[in-house]
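Colleague: Handing you a structure now.
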Amino acid sequence: MNSFFYSIKQAYLSLTQTPSFAFSVITTMSITLGALLCILTLAYVMLFKPLPYPDSDHLVKVEHMLTNKDGSSSEPLFSYPSLMYLVENQTAFTDVALSSYDKQVLTSHSSQPTMLTTYVTPSWFKVFKVPMILGRDFLTDVNIKSDISEAVLSFETWQEAFNSDMNIVGKTVRFRDVSFKVIGVSAQSFIEPQLRFYEDDNVGFKSQVWLTWNFNRMSARARKDWGSINENLIVVAKLDKNSSKEQAEQQLTTSVNNKWQEGVASDAFFDGWRVDIRVTQLQSAILSTHQQSVLLLLAGVFGLVLIACSNIANLFIARMAQLQKSLAISAAVGAKKAQLFKLLLAESSLLMFASLVIALAFASVGFAVLQQNMAQVFLRVDEVALSTFTLSSALFFASMFALFFALLGNQMINYRAISQHLHGSGKGVEVQVSKKVRYSLIVSQVAIASVLVFGNLSLFSQALNVINKPIGINTENFVDIDFSTVRRPTQEERDGPVLGTAIKNSLLALPQVEAVSNSQSPLSGFYDMALTNVVTNEHMIPGVKWIDEQYFQLIDQPLLAGDYFTIHDIREGFTAPEGKVDNMVMIINDVLAKKLVSQGASLDDALGMKFKMDESGVFTVIGIVKGMQMPGASTIPVRAYVPSSVHSISMTVKLKPHQTLSREQVVTAVSEVTSLFALFSMKDVAEIHQQLLFSERATAITTGTLALLTILLAALGLFGILSYSTQMRRFEIGTRLALGAKRRDIVKLIVLDNLIAVVLGIIISIVILIGLMIGFNEQLQNIVNVSLLPLFLLTLLLISCIAFNACYLPLRAYINKPALYSLRGSE
Amino acid sequence: MNQSIKDIAIKMTNVSKVFQTEALETHALTDINLTINKGDYVSISGPSGCGKSTLLSLLGLLDMPTSGQYFIEGEDVSRLSLDQASETRNSKIGFIFQSFNLIDELSVFDNVALPLRYHRDKPDAETIKKRVNECLAQVSMTHRTSHKPNQLSGGQQQRIAIARALVTNPAILLVDEPTGNLDSKSGDQVMDVLAKLNENGTTICMVTHDPRYADMAKIQLKLLDGAILTVPSLQIAN
């Protein structure tokens with residue numbers, strides 16, 4: 001033990017003599033190890049760690065797939081009656097938890113915050129075993145159709161909106177005009193399963209308040225409509241220990257499908273359709289789409305580790321040359337091979353464990369950054385934290401690296417030459433790294449760096465393309481404003497002037513407002529609706545949006561044929577006026593028009609076509625607009641636009657240049673007109689645009705950072721090897737200079753000498769890339785194409801430039817001084 | 001005695017060399033005046049630290065003087081750029097080092113040919129081969145052309161180094177302790193080669209601390225504390 005401490009102490013003292021070596025190793029290693037631990041922990045949580053709920057391997061997500069007669073399926077969404085039928089008639093599960101996600105204004109609160117509310121059945125709290133700090137959760141022995149309105153607050157809501165009121169239980173909260181009695185507060189430790197994203201915010205949905213299921217905002221009609229599906233209905237169940245996923249799927253598909261067919265029998269639209277129930281492990285359902293991102297990141301980080309190892313290997317080689325004399329003296333006084341190795345191991349261990357401590361700090365910062373920015377890309381990121389897993393893998397990697405570098409250093413020492421070091425004059429007997437080792441270091445650096453830089457740059461440029469792709473409309477200076485009703489309107493309000501118009505006018509009166517459109521922002525508010533061609537009886541489901549007559553001109557969406565809506569097309573009632581049901585107008589986008597007209601025919605042929613939209617009536621196509629691509633989307637979807645109503649309280653406000661509009665200004669403007677509406681949400685359209693590009697931006701930032709780190713590490717590494725090898729050849733360079741070689745000759749000599757290694761590295765990188773393309777053809781086919789060739793050439797140019805500079809810069813020390821300096825250096 | 005400028009191989013006038021470090025200024029050489037004629041065999045000797053190596057470095061354009069003038073075959077080489085100095089070294093100076101300084105990766109032939117590859121005239125392969133073989137013949141080493149230097153004995157290596165120094169027909173051979181790394185037998189052989197070369201007209205300037213070998217030169221200079229102590233009679237007569 002004493003000798004162990006002695007070794008450590010010696011190693012420490014020796015390292016303090018070479019702070020630059022210690023600094024380089026610790027910096028490189030702590031950054032790399034930090035990144036590795038961060039991503040490794042993330043991967044562990046996402047791919048292996050069981051969900052933090054009891055019997056989590058029995059938890060499943062149940063989905064409802066509609067397939068039409070052509071065999072194409074809809075999104076896996078439930079219709080309300082199917083959902084309720086399933087809950088009441090299934091036998092495969094011990095518990096079924098329903099949830100319906102919503103966003104509404106807490107009207108009982110003075111600041112009227114908009115909250116994320118989730119309507120749940122009592123078993124939801126049982127299935128996820130929600131810990132409570134105050135009160136109780138919903139009673140499981142009551143019927144799921146119970147009419148007792150109760151609320152459970154999340155820990156954060158209790159803290160932020162209710163100042164941690166210890167007497168909150170028993171008080172009431174009001175959403176819209178329904179009061180709920182607070183029965184409890186969940187504990188801070190509860191991690192809500194990320195079952196759904198909230199589309200506007202683009203972050204995982206974190207419920208702020210849970211409410212009694214039966215008060216969910218499904219309309220009475222939707223509760224009976226088997227044909228309309230809803231994205232807010234989520235089903236999680238616990239499998240009975242005696243039944244498998246497959247059995248459950250089979251049993252439920254049969255029973256739900258039979259019932260569903262009865263439900264839609266009267267609607268010819270659904271002829272030939274069928275329902276399938278899909279049951280998936282909750283864990284894989286939550287993570288399915290995100291696994292690939294994690295694996296990609298993991299691959300990137302391992303690449304970084306390889307580069308860093310190669311860099312540090314280099315530093316150790318140079319360090320061995322430096323240690324030569326003291327090792328020789330130790331050997332001369334009788335140190336054995338094993339004892340010298342112990343000395344090296346002490347040194348590498350000290351360095352690795354110092355790096356480890358800093359790496360853990362880096363990893364913690366990394367966790368925070370991931371949680372702040374990547375909640376959408378990596379679900380369960382909330383659970384990522386310094387854990388036993390992180391610590392044990394940190395220890396494992398640090399020990400492996402320490403051992404590896406000590407062994408490497410040991411390899412470098414030529415024990416026979418060591419004794420000669422003292423006998424001879426010192427000339428020609430040094431720690432020599434064989435040419436083969438130097439070459440293989442260069443080759444591996446170049447190969448790994450080329451693959452990583454190219455891979456990251458490809459993803460980076462792809463993300464950048466999507467981010468910079470024009471979407472075909474103007475989104476600058478727009479604000480999207482939505483109101484919600486605070487209470488039921490009075491008879492007076494029903495009979496009085498149209499409030500939608502009044503609010504619009506009062507907003508228009510604000511000095512900074514240029515125009516107001518009674519429509520949702522161009523980046524939101526599309527609803528999938530079934531259209532039936534009145535003549536051919538063909539069906540299609542475009543995204544339909546309700547807009548006013550100014551909408552297209554305001555956002556600069558070009559008209560390709562026909563006409564825009566006029567003020568006369570805007571509906572005056574909440575539904576179509578009497579007599580106009582069969583004579584309403586519609587504008588479609590060119591993508592939909594192309595589907596309607598026969599191949600090669602003019603799009604104008606679509607004008608005049610008539611479509612029935614469920615109960616809203618019959619619409620005639622009067623115009624065709626150029627389709628707009630949603631930010632981040634790869635295709636332009638089929639779209640139809642119909643006139644909104646004067647009662648619409650969704651507004652898109654266009655501001656005058658360089659003007660801003662505050663929440664207070666809008667609230668004041670509206671309160672002057674009516675007390676019926678509360679401001680529900682208010683968002684910059686440009687901001688929505690940015691949010692829709694979130695995952696592309698996250699990709700761009702991650703890959704850009706990785707590419708930069710790779711370039712940095714590769715440059716450091718190549719510089720390290722080449723400056724070392726130049727140092728080794730200093731004497732030869734001096735001799736050549738003495739014999740009359742010019743500076744150019746020496747540069748040429750060194751560059752040509754290393755060119756083979758660089759070219760070999762590049763060839764290996766091409767082989768790896770081709771291998772990856774063949775091996776991962778399916779996953780990569782969207783990414784790999786001919787347009788990446790210039791990018792690949794750019795990568796090679798970059799790596800070559802780095803390699804050239806790594807050759808040239810260390811040489812400057814010798815060729816820019818009189819030859820004597822290089823010659824003298826040999827002695 | 002009249003001296004034609006044509007007969008002067010190298011000439012130094014008031015050459016000084018000062019090494020400056022942060023703490024101190026070292027006057028390695030002060031006011032060196034030296035003329036070596038064509039065909040001369042000059043030895044420079046003196047105790048350790050007297051400035052022998054510095055003088056040889058200046059003579060060989062491996063370093064630049066702090067002040068003074070230096071001419072090789074009448075050409076002023078006191079203020080050359082690094083590349084100009086390289087070119088002059090290549091064509092006018094042949095180096096022989098104590099530790100031979102052969103390049104291990106290159107064969108004997110390629111080591112000898114190396115200066116020609118850096119030569120301004122870019123001689124063709126045939127010319128190089130002819131010239132290299134001539135030089136190897138002069139040092140009796142024609143039988144080992146494809147060997148690597150580390151396969152040869154020290155004496156043989158030094159003879160290869162001499163052949164390399166001769167290959168561009170330099171104005172002068174600068175020889176730095178040629179026998180320092182050799183046993184006495186090999187040392188004698190090397191000295192014989194040098195004596196023979198001088199007999200055939202090669203100008204030689206040799207640094208050595210071995211008085212036995214210094215005596216073999218026709219002109220013996222002694223250096224002490226950076227100044228020339230003994231000026232050859234020939235020069236005093238002037």
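Chain labels run A, B, ... following the order of the structure tokens; each chain numbers its residues from 1, and ligands are numbered from 1 in the order shown.
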Set the cut-off to 7 Å and count only C-alpha atoms: what are the residues of chain A that reach chain B? Output as a list in words.

Modeller: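 Residues of chain A within 7 Å of chain B, counting only C-alpha atoms: Glu732, Thr735, Leu737, Ala738, Leu739, Gly740, Ala741, Lys742, Arg743, Pro818, Ala819 and Leu820 of chain A.
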
Colleague: Please identify which residues in stretch 248-480 of chain A DSSP calls strand (DSSP E) from the backbone, and express them as an mmCIF file with N, CA, C and O atoms, in the first residue's frame.

Modeller:
```cif
data_model
loop_
_atom_site.group_PDB
_atom_site.id
_atom_site.type_symbol
_atom_site.label_atom_id
_atom_site.label_comp_id
_atom_site.auth_asym_id
_atom_site.auth_seq_id
_atom_site.Cartn_x
_atom_site.Cartn_y
_atom_site.Cartn_z
ATOM 1 N N ARG A 274 -62.132 -1.205 -41.837
ATOM 2 C CA ARG A 274 -62.106 -2.093 -40.683
ATOM 3 C C ARG A 274 -61.246 -1.492 -39.559
ATOM 4 O O ARG A 274 -60.471 -0.564 -39.772
ATOM 5 N N VAL A 275 -61.445 -2.043 -38.368
ATOM 6 C CA VAL A 275 -60.691 -1.584 -37.208
ATOM 7 C C VAL A 275 -59.734 -2.686 -36.756
ATOM 8 O O VAL A 275 -60.093 -3.860 -36.746
ATOM 9 N N ASP A 276 -58.504 -2.296 -36.471
ATOM 10 C CA ASP A 276 -57.567 -3.217 -35.830
ATOM 11 C C ASP A 276 -57.140 -2.602 -34.517
ATOM 12 O O ASP A 276 -56.886 -1.403 -34.446
ATOM 13 N N ILE A 277 -57.046 -3.423 -33.491
ATOM 14 C CA ILE A 277 -56.524 -2.935 -32.209
ATOM 15 C C ILE A 277 -55.065 -3.374 -32.120
ATOM 16 O O ILE A 277 -54.743 -4.539 -32.385
ATOM 17 N N ARG A 278 -54.212 -2.401 -31.826
ATOM 18 C CA ARG A 278 -52.789 -2.724 -31.739
ATOM 19 C C ARG A 278 -52.350 -2.556 -30.288
ATOM 20 O O ARG A 278 -52.650 -1.541 -29.657
ATOM 21 N N VAL A 279 -51.645 -3.549 -29.787
ATOM 22 C CA VAL A 279 -51.171 -3.495 -28.398
ATOM 23 C C VAL A 279 -49.646 -3.519 -28.416
ATOM 24 O O VAL A 279 -49.048 -4.452 -28.949
ATOM 25 N N THR A 280 -49.004 -2.470 -27.888
ATOM 26 C CA THR A 280 -47.531 -2.447 -27.869
ATOM 27 C C THR A 280 -47.049 -2.196 -26.452
ATOM 28 O O THR A 280 -47.717 -1.521 -25.672
ATOM 29 N N GLN A 281 -45.889 -2.736 -26.158
ATOM 30 C CA GLN A 281 -45.242 -2.470 -24.872
ATOM 31 C C GLN A 281 -45.171 -0.964 -24.689
ATOM 32 O O GLN A 281 -44.769 -0.235 -25.597
ATOM 33 N N PHE A 478 -46.522 38.434 -37.810
ATOM 34 C CA PHE A 478 -47.876 37.958 -37.525
ATOM 35 C C PHE A 478 -47.966 37.453 -36.090
ATOM 36 O O PHE A 478 -47.010 36.883 -35.571
ATOM 37 N N VAL A 479 -49.137 37.669 -35.482
ATOM 38 C CA VAL A 479 -49.367 37.110 -34.154
ATOM 39 C C VAL A 479 -50.651 36.282 -34.217
ATOM 40 O O VAL A 479 -51.647 36.716 -34.797
ATOM 41 N N ASP A 480 -50.557 35.085 -33.662
ATOM 42 C CA ASP A 480 -51.717 34.194 -33.655
ATOM 43 C C ASP A 480 -52.403 34.326 -32.287
ATOM 44 O O ASP A 480 -51.775 34.131 -31.260
#
```

Colleague: From the options A:Asp95, A:Glu492, A:Glu88, A:Asp141, which residue's atoms come nearest to A:Lys61, counting only C-alpha atoms?

Modeller: A:Asp95

Colleague: What does the distance from atom CA of A:Val365 to atom CA of A:Tyr12 come to in Å, to one decimal?

Modeller: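 Computing the Euclidean distance for atom CA of A:Val365 and atom CA of A:Tyr12 yields 28.1 Å.
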
Colleague: I'd like the contact shell of stretch 205-208 of chain B - 6 Å cut-off, only C-alpha atoms, skipping same-chain residues fewer than 3 positions apart - returned as a ChimeraX atom specification.

Modeller: /B:41-45,174-177

Colleague: For A:Thr710, which residue out of A:Ile567, A:Val451, A:Val591, A:Met352 is the nearest one, using only C-alpha atoms?

Modeller: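 Comparing A:Ile567, A:Val451, A:Val591, A:Met352 against A:Thr710, the winner is A:Val451.
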
Colleague: Could you give me, as an NGL selection string, the residues within 8 Å of A:Phe483, counting only C-alpha atoms and dropping anything in the same chain fewer than 6 positions from it?

Modeller: :A and (649-650 or 677-681)

Colleague: Using only C-alpha atoms, please write the residues we just selected to a file, as an mmCIF file, in the first residue's frame.

Modeller:
```
data_model
loop_
_atom_site.group_PDB
_atom_site.id
_atom_site.type_symbol
_atom_site.label_atom_id
_atom_site.label_comp_id
_atom_site.auth_asym_id
_atom_site.auth_seq_id
_atom_site.Cartn_x
_atom_site.Cartn_y
_atom_site.Cartn_z
ATOM 1 C CA ILE A 649 -62.654 34.033 -32.259
ATOM 2 C CA SER A 650 -59.421 32.764 -33.775
ATOM 3 C CA PHE A 677 -63.798 35.707 -23.590
ATOM 4 C CA ALA A 678 -60.414 35.198 -21.978
ATOM 5 C CA LEU A 679 -57.204 35.366 -23.937
ATOM 6 C CA PHE A 680 -56.345 31.690 -24.414
ATOM 7 C CA SER A 681 -53.076 31.841 -26.286
#
```

Colleague: Please provide as a list in words all residues within 12 Å of A:Ala561, with the sequence filter that same-chain residues fewer than 5 positions apart are discarded (counting only C-alpha atoms).

Modeller: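 Near neighbours after the sequence-gap exclusion: Ile587, Ile588, Asn589, Asp590, Ala593, Ser602, Leu603, Asp604, Asp605, Ala606, Leu607, Gly608, Val621, Ile622, Gly623, Ile624, Val625 and Lys626 of chain A.
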
Colleague: Based on the selection just made, write all heavy atoms of those residues as a short mmCIF file (atom, residue, chain, number, x, y, z; two decimals), in the first residue's frame.

Modeller:
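Generated file (again.cif):
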```cif
data_model
loop_
_atom_site.label_atom_id
_atom_site.label_comp_id
_atom_site.auth_asym_id
_atom_site.auth_seq_id
_atom_site.Cartn_x
_atom_site.Cartn_y
_atom_site.Cartn_z
N ILE A 587 -61.83 26.69 -51.39
CA ILE A 587 -60.59 26.87 -52.16
C ILE A 587 -59.68 25.70 -51.80
O ILE A 587 -59.61 25.30 -50.63
CB ILE A 587 -59.92 28.22 -51.82
CG1 ILE A 587 -60.80 29.37 -52.32
CG2 ILE A 587 -58.53 28.31 -52.44
CD1 ILE A 587 -60.32 30.75 -51.92
N ILE A 588 -59.04 25.13 -52.80
CA ILE A 588 -58.17 23.97 -52.53
C ILE A 588 -56.74 24.31 -52.94
O ILE A 588 -56.52 25.28 -53.67
CB ILE A 588 -58.66 22.71 -53.28
CG1 ILE A 588 -58.68 22.97 -54.80
CG2 ILE A 588 -60.03 22.29 -52.78
CD1 ILE A 588 -59.06 21.74 -55.60
N ASN A 589 -55.79 23.52 -52.48
CA ASN A 589 -54.42 23.78 -52.93
C ASN A 589 -54.10 22.94 -54.16
O ASN A 589 -54.85 22.03 -54.52
CB ASN A 589 -53.40 23.60 -51.79
CG ASN A 589 -53.17 22.15 -51.38
OD1 ASN A 589 -53.81 21.24 -51.92
ND2 ASN A 589 -52.28 21.95 -50.45
N ASP A 590 -53.00 23.29 -54.83
CA ASP A 590 -52.69 22.63 -56.11
C ASP A 590 -52.44 21.13 -55.94
O ASP A 590 -52.70 20.36 -56.87
CB ASP A 590 -51.50 23.32 -56.79
CG ASP A 590 -50.30 23.45 -55.87
OD1 ASP A 590 -50.46 23.25 -54.66
OD2 ASP A 590 -49.20 23.77 -56.37
N ALA A 593 -55.77 19.65 -56.04
CA ALA A 593 -56.32 19.80 -57.40
C ALA A 593 -55.73 18.75 -58.34
O ALA A 593 -56.44 18.14 -59.14
CB ALA A 593 -56.02 21.20 -57.92
N SER A 602 -55.44 20.34 -67.17
CA SER A 602 -55.21 21.61 -66.50
C SER A 602 -55.85 21.56 -65.11
O SER A 602 -56.89 20.95 -64.91
CB SER A 602 -55.82 22.73 -67.32
OG SER A 602 -56.04 23.84 -66.49
N LEU A 603 -55.17 22.23 -64.15
CA LEU A 603 -55.71 22.27 -62.79
C LEU A 603 -57.06 22.97 -62.76
O LEU A 603 -57.89 22.72 -61.89
CB LEU A 603 -54.74 22.99 -61.85
CG LEU A 603 -53.41 22.28 -61.56
CD1 LEU A 603 -52.62 23.07 -60.53
CD2 LEU A 603 -53.64 20.85 -61.07
N ASP A 604 -57.26 23.85 -63.74
CA ASP A 604 -58.53 24.60 -63.80
C ASP A 604 -59.74 23.67 -63.82
O ASP A 604 -60.84 24.06 -63.41
CB ASP A 604 -58.56 25.50 -65.03
CG ASP A 604 -57.52 26.61 -64.93
OD1 ASP A 604 -56.74 26.57 -63.94
OD2 ASP A 604 -57.49 27.48 -65.80
N ASP A 605 -59.53 22.43 -64.30
CA ASP A 605 -60.64 21.47 -64.36
C ASP A 605 -61.24 21.21 -62.98
O ASP A 605 -62.38 20.76 -62.87
CB ASP A 605 -60.16 20.14 -64.95
CG ASP A 605 -59.82 20.28 -66.43
OD1 ASP A 605 -59.95 21.42 -66.94
OD2 ASP A 605 -59.41 19.28 -67.06
N ALA A 606 -60.43 21.45 -61.94
CA ALA A 606 -60.94 21.19 -60.59
C ALA A 606 -61.94 22.26 -60.16
O ALA A 606 -62.74 22.04 -59.24
CB ALA A 606 -59.78 21.12 -59.60
N LEU A 607 -61.87 23.43 -60.79
CA LEU A 607 -62.82 24.50 -60.44
C LEU A 607 -64.24 24.02 -60.73
O LEU A 607 -64.48 23.39 -61.76
CB LEU A 607 -62.51 25.77 -61.23
CG LEU A 607 -61.17 26.44 -60.92
CD1 LEU A 607 -60.93 27.61 -61.86
CD2 LEU A 607 -61.10 26.89 -59.47
N GLY A 608 -65.14 24.31 -59.82
CA GLY A 608 -66.53 23.93 -60.05
C GLY A 608 -66.88 22.57 -59.49
O GLY A 608 -68.06 22.22 -59.41
N VAL A 621 -65.75 24.19 -55.46
CA VAL A 621 -64.38 24.73 -55.56
C VAL A 621 -64.40 25.98 -56.43
O VAL A 621 -64.82 25.92 -57.59
CB VAL A 621 -63.42 23.68 -56.15
CG1 VAL A 621 -62.04 24.28 -56.35
CG2 VAL A 621 -63.36 22.45 -55.25
N ILE A 622 -63.95 27.12 -55.86
CA ILE A 622 -63.93 28.35 -56.67
C ILE A 622 -62.50 28.84 -56.91
O ILE A 622 -62.27 29.73 -57.72
CB ILE A 622 -64.74 29.49 -56.01
CG1 ILE A 622 -64.15 29.82 -54.62
CG2 ILE A 622 -66.21 29.14 -55.93
CD1 ILE A 622 -64.48 31.23 -54.18
N GLY A 623 -61.54 28.28 -56.20
CA GLY A 623 -60.17 28.77 -56.39
C GLY A 623 -59.15 27.71 -56.08
O GLY A 623 -59.43 26.74 -55.36
N ILE A 624 -57.95 27.89 -56.66
CA ILE A 624 -56.84 26.97 -56.36
C ILE A 624 -55.64 27.81 -55.95
O ILE A 624 -55.25 28.74 -56.67
CB ILE A 624 -56.48 26.12 -57.60
CG1 ILE A 624 -57.70 25.27 -58.01
CG2 ILE A 624 -55.27 25.23 -57.32
CD1 ILE A 624 -57.56 24.62 -59.37
N VAL A 625 -55.08 27.52 -54.76
CA VAL A 625 -53.89 28.25 -54.31
C VAL A 625 -52.68 27.33 -54.37
O VAL A 625 -52.82 26.11 -54.39
CB VAL A 625 -54.05 28.78 -52.87
CG1 VAL A 625 -55.01 29.94 -52.80
CG2 VAL A 625 -54.44 27.66 -51.91
N LYS A 626 -51.54 27.97 -54.40
CA LYS A 626 -50.30 27.21 -54.40
C LYS A 626 -50.12 26.62 -52.99
O LYS A 626 -50.29 27.31 -51.99
CB LYS A 626 -49.14 28.15 -54.70
CG LYS A 626 -47.85 27.44 -55.05
CD LYS A 626 -46.93 28.41 -55.76
CE LYS A 626 -45.50 27.90 -55.88
NZ LYS A 626 -45.30 26.48 -55.84
#
```

Colleague: Excluding A:Val236 and its own-chain neighbours fewer than 3 positions away, which residues fall within 8 Å of it when counting only C-alpha atoms? Please give them as a list in words.

Modeller: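 Skipping anything fewer than 3 positions along the chain leaves Leu59, Val60, Lys61, Val62, Val96, Ala97, Leu98 and Leu282 of chain A.
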
Colleague: Excluding same-chain residues fewer than 3 positions from B:Gly201, what lies within 7 Å of it counting only C-alpha atoms, as a count of residues only?

Modeller: 3

Colleague: How many Å separate atom CA of A:Gly717 from atom CA of A:Asn311?

Modeller: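 Result for atom CA of A:Gly717 versus atom CA of A:Asn311: 4.4 Å, one decimal.
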
Colleague: To one decimal place, how far is atom CA of B:Asp192 from atom CA of B:Lys218 in Å?

Modeller: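 These two atoms are separated by 14.0 Å.
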
Colleague: As a ChimeraX atom specification, list the residues of stretch 83-257 of chain A assigned to alpha helix (DSSP H) by DSSP on the backbone atoms of this structure.

Modeller: /A:83-89,123-127,155-162,245-257

Colleague: Write the residues of the selection above to a file with N, CA and C atoms, as a short mmCIF file (atom, residue, chain, number, x, y, z; two decimals), in the first residue's frame.

Modeller:
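Final output, again.cif:
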```cif
data_model
loop_
_atom_site.label_atom_id
_atom_site.label_comp_id
_atom_site.auth_asym_id
_atom_site.auth_seq_id
_atom_site.Cartn_x
_atom_site.Cartn_y
_atom_site.Cartn_z
N LEU A 83 -63.55 3.60 -27.89
CA LEU A 83 -62.77 3.64 -26.66
C LEU A 83 -63.60 3.15 -25.47
N MET A 84 -64.82 3.72 -25.35
CA MET A 84 -65.64 3.37 -24.20
C MET A 84 -66.10 1.91 -24.28
N TYR A 85 -66.36 1.46 -25.50
CA TYR A 85 -66.76 0.07 -25.68
C TYR A 85 -65.64 -0.86 -25.23
N LEU A 86 -64.41 -0.51 -25.66
CA LEU A 86 -63.25 -1.35 -25.33
C LEU A 86 -63.09 -1.46 -23.81
N VAL A 87 -63.18 -0.29 -23.12
CA VAL A 87 -62.98 -0.29 -21.67
C VAL A 87 -64.00 -1.18 -20.98
N GLU A 88 -65.25 -1.10 -21.46
CA GLU A 88 -66.30 -1.79 -20.75
C GLU A 88 -66.41 -3.27 -21.10
N ASN A 89 -65.76 -3.70 -22.21
CA ASN A 89 -65.96 -5.07 -22.65
C ASN A 89 -64.69 -5.92 -22.71
N SER A 123 -58.29 4.67 -12.68
CA SER A 123 -57.21 3.68 -12.74
C SER A 123 -55.90 4.26 -13.29
N TRP A 124 -55.97 5.45 -13.87
CA TRP A 124 -54.75 6.09 -14.38
C TRP A 124 -53.75 6.27 -13.24
N PHE A 125 -54.24 6.75 -12.10
CA PHE A 125 -53.36 6.97 -10.94
C PHE A 125 -52.87 5.65 -10.36
N LYS A 126 -53.69 4.60 -10.53
CA LYS A 126 -53.30 3.29 -10.01
C LYS A 126 -52.21 2.67 -10.89
N VAL A 127 -52.45 2.74 -12.22
CA VAL A 127 -51.50 2.13 -13.16
C VAL A 127 -50.12 2.77 -13.02
N PHE A 155 -47.42 18.81 -8.55
CA PHE A 155 -46.60 19.48 -7.55
C PHE A 155 -46.23 20.90 -8.00
N GLU A 156 -45.82 21.03 -9.28
CA GLU A 156 -45.40 22.34 -9.80
C GLU A 156 -46.57 23.33 -9.80
N THR A 157 -47.75 22.86 -10.21
CA THR A 157 -48.91 23.75 -10.24
C THR A 157 -49.23 24.24 -8.82
N TRP A 158 -49.19 23.30 -7.89
CA TRP A 158 -49.48 23.62 -6.48
C TRP A 158 -48.50 24.70 -6.00
N GLN A 159 -47.22 24.53 -6.37
CA GLN A 159 -46.21 25.48 -5.93
C GLN A 159 -46.39 26.83 -6.62
N GLU A 160 -46.53 26.79 -7.96
CA GLU A 160 -46.47 28.03 -8.72
C GLU A 160 -47.79 28.79 -8.72
N ALA A 161 -48.89 28.06 -8.95
CA ALA A 161 -50.16 28.78 -9.08
C ALA A 161 -50.86 28.95 -7.72
N PHE A 162 -50.50 28.11 -6.76
CA PHE A 162 -51.22 28.18 -5.48
C PHE A 162 -50.29 28.41 -4.28
N LYS A 245 -49.74 -10.09 -25.37
CA LYS A 245 -50.10 -8.96 -26.23
C LYS A 245 -50.92 -9.44 -27.42
N GLU A 246 -50.44 -10.57 -28.00
CA GLU A 246 -51.08 -11.07 -29.22
C GLU A 246 -52.53 -11.50 -28.95
N GLN A 247 -52.71 -12.19 -27.81
CA GLN A 247 -54.06 -12.62 -27.47
C GLN A 247 -54.97 -11.41 -27.28
N ALA A 248 -54.44 -10.42 -26.57
CA ALA A 248 -55.23 -9.23 -26.32
C ALA A 248 -55.61 -8.56 -27.64
N GLU A 249 -54.60 -8.44 -28.55
CA GLU A 249 -54.85 -7.82 -29.84
C GLU A 249 -55.98 -8.53 -30.58
N GLN A 250 -55.86 -9.86 -30.59
CA GLN A 250 -56.82 -10.66 -31.35
C GLN A 250 -58.24 -10.51 -30.78
N GLN A 251 -58.30 -10.66 -29.47
CA GLN A 251 -59.61 -10.60 -28.83
C GLN A 251 -60.27 -9.24 -29.03
N LEU A 252 -59.47 -8.18 -28.81
CA LEU A 252 -60.03 -6.83 -28.88
C LEU A 252 -60.37 -6.43 -30.30
N THR A 253 -59.51 -6.83 -31.26
CA THR A 253 -59.77 -6.49 -32.66
C THR A 253 -61.12 -7.04 -33.07
N THR A 254 -61.35 -8.30 -32.76
CA THR A 254 -62.61 -8.92 -33.15
C THR A 254 -63.80 -8.18 -32.53
N SER A 255 -63.75 -7.98 -31.21
CA SER A 255 -64.94 -7.42 -30.57
C SER A 255 -65.14 -5.95 -30.94
N VAL A 256 -64.04 -5.15 -30.95
CA VAL A 256 -64.21 -3.73 -31.26
C VAL A 256 -64.62 -3.54 -32.72
N ASN A 257 -64.00 -4.35 -33.62
CA ASN A 257 -64.32 -4.20 -35.03
C ASN A 257 -65.79 -4.50 -35.29
#
```

Colleague: Considering only C-alpha atoms, can you say which of B:Lys129, B:His27, B:Lys196, B:Lys38 comes closest to B:Ile10?

Modeller: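 Among B:Lys129, B:His27, B:Lys196, B:Lys38, it is B:Lys38 that comes nearest to B:Ile10.
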
Colleague: Using only C-alpha atoms, pick whichever of B:Val132, B:Val108, B:Ala214, B:Ile172 has the shortest atom-to-atom distance to B:Ser146.

Modeller: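 Residue with the minimum atom-to-atom distance to B:Ser146: B:Val108.
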